[in-house]
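Undergrad: Have a look at this one.
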Amino acid sequence: MDIFSKIKEKLTHEFIDIIEWLDYTDDTIAHRFERYQNEIKNGAKLIVREGQTAVFVNEGQLADVFTPGTYDLTTQNLPILSTLKGWKYGFNSPFKAEVYFVNTHLFTDEKWGTKSPITLSDDRFGLVEIRAFGTYAFKISDAGKFITDIVGTDNNFTNFEINEHLKSLIATRFTDTVGEANLPIELYAANTSELSETCQEVMKSEFLSVGISLEKFYIENVSMPEDLKKEIFEYSRIDKLDLDKLTKFKTAKAIEAAAKNEGGTAGAGMGMGMGFVLAQQMGGMMSPQMGGSQQMQQAGVVVPPPMPVAVQYFYASNGTQQGPVSFEQLQALYAGRTVNRDSLVWKQGMAAWTALKDVEELKSFLGGNTPPPLPSN
């Protein structure tokens, strides 16, 4: 090789461009490689690192896409750009094209939340409002689609720019999902894992339509107004309590409190009165074999007739039979909205299940029981 050939070779290698992008940030998703008038020399070297994708764009039209690796840019490895440019026998240096590097690593711990309360309809509590927030993770799955549909001509696109769009999308789809779930209001906070998985499946296609893959989606908290939370807690307690046992427990506590108040006739009177009530209850619980009634008759105490048997009701809830419950328990269930005026109830002696509003003794639950005016003389 003569000296002129060596000089030519040296100069040729010195002027070959190296196209690469070193990302020193944590939030850049897409970066446009800047060259003077977007000119790239024939035989330029393209270096695409792991976690990157290089996208060539010609006059706003998507051309070639390169995955991680090192490439010498010729017409052989730029087939789409060669077609767009109309090169038949190779291109002359330099050629023009925009080169975008897309960060394809996983972007984690992105925040989302509902900007305004979500209104839901609950069978027991009516219209209620909830809020929710959490985190999600995503990565770019289709760099070409992402560049053409989202980035456009932005020379440095960050996750801050896409997050507002993604958070609005998440809030909309989350609202639709919880609305269609139709769960009892207290179960939203108790089933965040299942709800998170459902929301992720619903939103995956929306993300993929712009070249983004939704990798993780978490609901960290579902909150509701404090007054509604207290109402739910009270309802859950009433639903679990045996009202008969609760009455007896409160009676025992009242006797204990009266016994401690040794001074004053009021305390003594209350203690005696509650003592008589407790004695009657204990007497009712004693069996005839114990001889309780005989001893009381021998002592000259008048024994009242047996207490009437309390009416027991059955009621329908969510298509299943529940009960039996007493009149007071059914009234508490109505107050707690477990049953309503149209709920079916049945008791011994009734021919068929009947709506609560049509059972005479239960109409008092509905309110508005005002007697008619007295007849005039």
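The chains in the structure tokens are called A, B, ... from first to last as shown; in each chain the residues are counted from 1, and the ligands are counted from 1 in the order shown.
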Using DSSP on the backbone, list every residue of range 71-259 of chain A that comes out as strand (DSSP E or B), and give them as a count of residues only.

TA: 52

Undergrad: Could you name the residues that touch Glu110 in chain A at 9 Å or less, counting only C-alpha atoms, but leaving out those on the same chain fewer than 2 positions away, as a ChimeraX atom specification?

TA: /A:107-108,112,134-138,163

Undergrad: Within 10 Å of Thr192 in chain A, counting only C-alpha atoms, which residues show up once you throw out same-chain ones fewer than 4 positions away? Write them as a PyMOL selection string, please.

TA: chain A and resi 187-188+196-198+218-222

Undergrad: Limited to C-alpha atoms, could you put the picked residues into a file as a CSV table (one decimal), in the first residue's frame?

TA:
```
chain,number,residue,atom,x,y,z
A,187,LEU,CA,-64.6,-5.2,50.5
A,188,TYR,CA,-62.7,-2.7,48.2
A,196,SER,CA,-55.0,-4.7,41.3
A,197,GLU,CA,-54.7,-7.7,39.0
A,198,THR,CA,-58.0,-7.1,37.4
A,218,TYR,CA,-50.6,-1.9,42.7
A,219,ILE,CA,-53.5,-0.4,44.7
A,220,GLU,CA,-51.9,0.7,48.0
A,221,ASN,CA,-55.0,2.1,49.6
A,222,VAL,CA,-58.8,2.6,49.1
```

Undergrad: Any idea what's packed within 8 Å of range 309-320 of chain A, counting only C-alpha atoms, ignoring anything in its chain fewer than 5 positions away? Could you give it as a PyMOL selection string?

TA: chain A and resi 325-327+330+338-339+343-348

Undergrad: List the spatial neighbours of range 72-88 of chain A as a ChimeraX atom specification - criterion: any atom at most 8 Å away, only C-alpha atoms, same-chain residues fewer than 3 positions off excluded.

TA: /A:42-46,56,58,63-64,91

Undergrad: Quote the spacing between CA of Arg341 in chain A and CA of Ser121 in chain A in Å to one decimal place.

TA: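 Result for CA of Arg341 in chain A versus CA of Ser121 in chain A: 18.4 Å, one decimal.
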
Undergrad: Between A:Asn182, A:Thr177, A:Thr104, A:Thr70, which residue has the minimum interatomic distance to Glu201 in chain A, considering only C-alpha atoms?

TA: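 That would be A:Thr177, the residue with the smallest distance to Glu201 in chain A.
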
Undergrad: Kindly give the distance, in Å, that separates CA of Asn155 in chain A and CA of Ile170 in chain A, rounded to a single decimal.

TA: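 CA of Asn155 in chain A sits 26.4 Å away from CA of Ile170 in chain A.
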
Undergrad: Find the residues near Ser364 in chain A: any atom within 12 Å, counting only C-alpha atoms, skip ones fewer than 3 places away on the same chain, and give them as a ChimeraX atom specification.

TA: /A:327-328,330-331,334-335,341,356-361,367-370

Undergrad: Please, could you write that set of residues out with all heavy atoms as a compact mmCIF listing (two decimals), in the first residue's frame?

TA:
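Written out: again.txt:
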```txt
# COMPACT_ATOMS: atom_id res chain seq x y z
N PHE A 327 -88.23 -10.21 66.51
CA PHE A 327 -88.78 -8.95 65.99
C PHE A 327 -87.75 -7.82 66.13
O PHE A 327 -87.53 -7.04 65.18
CB PHE A 327 -90.06 -8.61 66.75
CG PHE A 327 -90.71 -7.31 66.31
CD1 PHE A 327 -91.63 -7.30 65.28
CD2 PHE A 327 -90.39 -6.11 66.93
CE1 PHE A 327 -92.23 -6.12 64.86
CE2 PHE A 327 -90.98 -4.93 66.53
CZ PHE A 327 -91.90 -4.93 65.48
N GLU A 328 -87.08 -7.73 67.29
CA GLU A 328 -86.10 -6.66 67.53
C GLU A 328 -84.89 -6.83 66.61
O GLU A 328 -84.33 -5.83 66.11
CB GLU A 328 -85.67 -6.66 69.00
CG GLU A 328 -86.75 -6.23 69.98
CD GLU A 328 -87.76 -7.34 70.24
OE1 GLU A 328 -87.50 -8.50 69.83
OE2 GLU A 328 -88.80 -7.04 70.87
N LEU A 330 -84.84 -8.28 63.66
CA LEU A 330 -85.25 -7.91 62.30
C LEU A 330 -85.33 -6.40 62.15
O LEU A 330 -84.97 -5.84 61.11
CB LEU A 330 -86.60 -8.57 61.98
CG LEU A 330 -87.09 -8.42 60.52
CD1 LEU A 330 -86.11 -9.08 59.56
CD2 LEU A 330 -88.48 -9.01 60.34
N GLN A 331 -85.79 -5.73 63.21
CA GLN A 331 -85.85 -4.27 63.17
C GLN A 331 -84.44 -3.67 63.06
O GLN A 331 -84.22 -2.70 62.33
CB GLN A 331 -86.55 -3.75 64.43
CG GLN A 331 -86.82 -2.24 64.41
CD GLN A 331 -87.63 -1.81 65.63
OE1 GLN A 331 -87.58 -2.44 66.67
NE2 GLN A 331 -88.39 -0.73 65.48
N TYR A 334 -83.21 -4.09 59.56
CA TYR A 334 -83.82 -3.09 58.67
C TYR A 334 -83.12 -1.74 58.84
O TYR A 334 -82.84 -1.05 57.85
CB TYR A 334 -85.31 -2.96 58.99
CG TYR A 334 -86.03 -1.97 58.10
CD1 TYR A 334 -86.51 -2.35 56.85
CD2 TYR A 334 -86.22 -0.64 58.49
CE1 TYR A 334 -87.14 -1.44 56.02
CE2 TYR A 334 -86.85 0.27 57.68
CZ TYR A 334 -87.32 -0.13 56.43
OH TYR A 334 -87.93 0.78 55.61
N ALA A 335 -82.82 -1.38 60.12
CA ALA A 335 -82.13 -0.11 60.36
C ALA A 335 -80.73 -0.13 59.75
O ALA A 335 -80.23 0.90 59.28
CB ALA A 335 -82.05 0.17 61.86
N ARG A 341 -87.78 -2.58 52.63
CA ARG A 341 -89.22 -2.73 52.60
C ARG A 341 -89.69 -3.83 51.63
O ARG A 341 -90.76 -4.40 51.79
CB ARG A 341 -89.87 -1.39 52.24
CG ARG A 341 -89.45 -0.86 50.89
CD ARG A 341 -89.96 0.55 50.59
NE ARG A 341 -91.40 0.55 50.39
CZ ARG A 341 -92.27 1.21 51.13
NH1 ARG A 341 -91.85 1.93 52.15
NH2 ARG A 341 -93.56 1.17 50.87
N LEU A 356 -91.78 -7.40 53.28
CA LEU A 356 -91.81 -6.84 54.64
C LEU A 356 -92.87 -5.76 54.76
O LEU A 356 -93.57 -5.68 55.76
CB LEU A 356 -90.43 -6.30 55.00
CG LEU A 356 -90.23 -5.74 56.40
CD1 LEU A 356 -88.81 -6.01 56.87
CD2 LEU A 356 -90.48 -4.25 56.46
N LYS A 357 -93.02 -4.94 53.72
CA LYS A 357 -93.98 -3.81 53.79
C LYS A 357 -95.42 -4.28 53.87
O LYS A 357 -96.31 -3.49 54.22
CB LYS A 357 -93.79 -2.92 52.56
CG LYS A 357 -94.11 -3.61 51.24
CD LYS A 357 -93.84 -2.72 50.06
CE LYS A 357 -94.16 -3.46 48.75
NZ LYS A 357 -93.85 -2.65 47.57
N ASP A 358 -95.68 -5.56 53.52
CA ASP A 358 -97.04 -6.08 53.51
C ASP A 358 -97.38 -6.90 54.75
O ASP A 358 -98.47 -7.45 54.86
CB ASP A 358 -97.26 -6.93 52.25
CG ASP A 358 -97.12 -6.11 50.97
OD1 ASP A 358 -97.50 -4.92 51.00
OD2 ASP A 358 -96.64 -6.66 49.96
N VAL A 359 -96.43 -7.06 55.68
CA VAL A 359 -96.67 -7.78 56.93
C VAL A 359 -97.12 -6.76 57.97
O VAL A 359 -96.40 -5.79 58.26
CB VAL A 359 -95.41 -8.53 57.39
CG1 VAL A 359 -95.69 -9.27 58.70
CG2 VAL A 359 -94.96 -9.51 56.31
N GLU A 360 -98.30 -6.96 58.52
CA GLU A 360 -98.95 -5.93 59.33
C GLU A 360 -98.08 -5.46 60.49
O GLU A 360 -97.87 -4.26 60.68
CB GLU A 360 -100.29 -6.47 59.85
CG GLU A 360 -101.16 -5.41 60.51
CD GLU A 360 -101.57 -4.32 59.53
OE1 GLU A 360 -101.76 -4.64 58.33
OE2 GLU A 360 -101.68 -3.15 59.94
N GLU A 361 -97.53 -6.41 61.30
CA GLU A 361 -96.79 -5.99 62.49
C GLU A 361 -95.43 -5.39 62.16
O GLU A 361 -94.77 -4.79 63.02
CB GLU A 361 -96.61 -7.17 63.46
CG GLU A 361 -95.64 -8.25 62.97
CD GLU A 361 -96.37 -9.34 62.21
OE1 GLU A 361 -97.50 -9.09 61.72
OE2 GLU A 361 -95.83 -10.45 62.13
N GLY A 367 -92.16 3.58 59.40
CA GLY A 367 -92.43 4.93 59.90
C GLY A 367 -93.77 5.42 59.39
O GLY A 367 -94.44 4.82 58.55
N GLY A 368 -94.16 6.55 59.91
CA GLY A 368 -95.39 7.18 59.45
C GLY A 368 -96.64 6.50 59.95
O GLY A 368 -97.71 6.64 59.34
N ASN A 369 -96.56 5.76 61.08
CA ASN A 369 -97.76 5.11 61.64
C ASN A 369 -98.51 6.11 62.51
O ASN A 369 -98.28 6.21 63.71
CB ASN A 369 -97.37 3.87 62.46
CG ASN A 369 -96.89 2.75 61.56
OD1 ASN A 369 -97.21 2.74 60.39
ND2 ASN A 369 -96.14 1.83 62.14
N THR A 370 -99.37 6.87 61.92
CA THR A 370 -100.15 7.88 62.65
C THR A 370 -101.60 7.42 62.71
O THR A 370 -102.19 7.09 61.66
CB THR A 370 -100.07 9.24 61.92
OG1 THR A 370 -98.70 9.60 61.79
CG2 THR A 370 -100.80 10.31 62.70
```

Undergrad: Considering only C-alpha atoms, state which residue in the set A:Thr251, A:Lys139, A:Gln37, A:Val151 is at the smallest distance from Lys204 in chain A.

TA: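 Distance minimum relative to Lys204 in chain A lands on A:Lys139.
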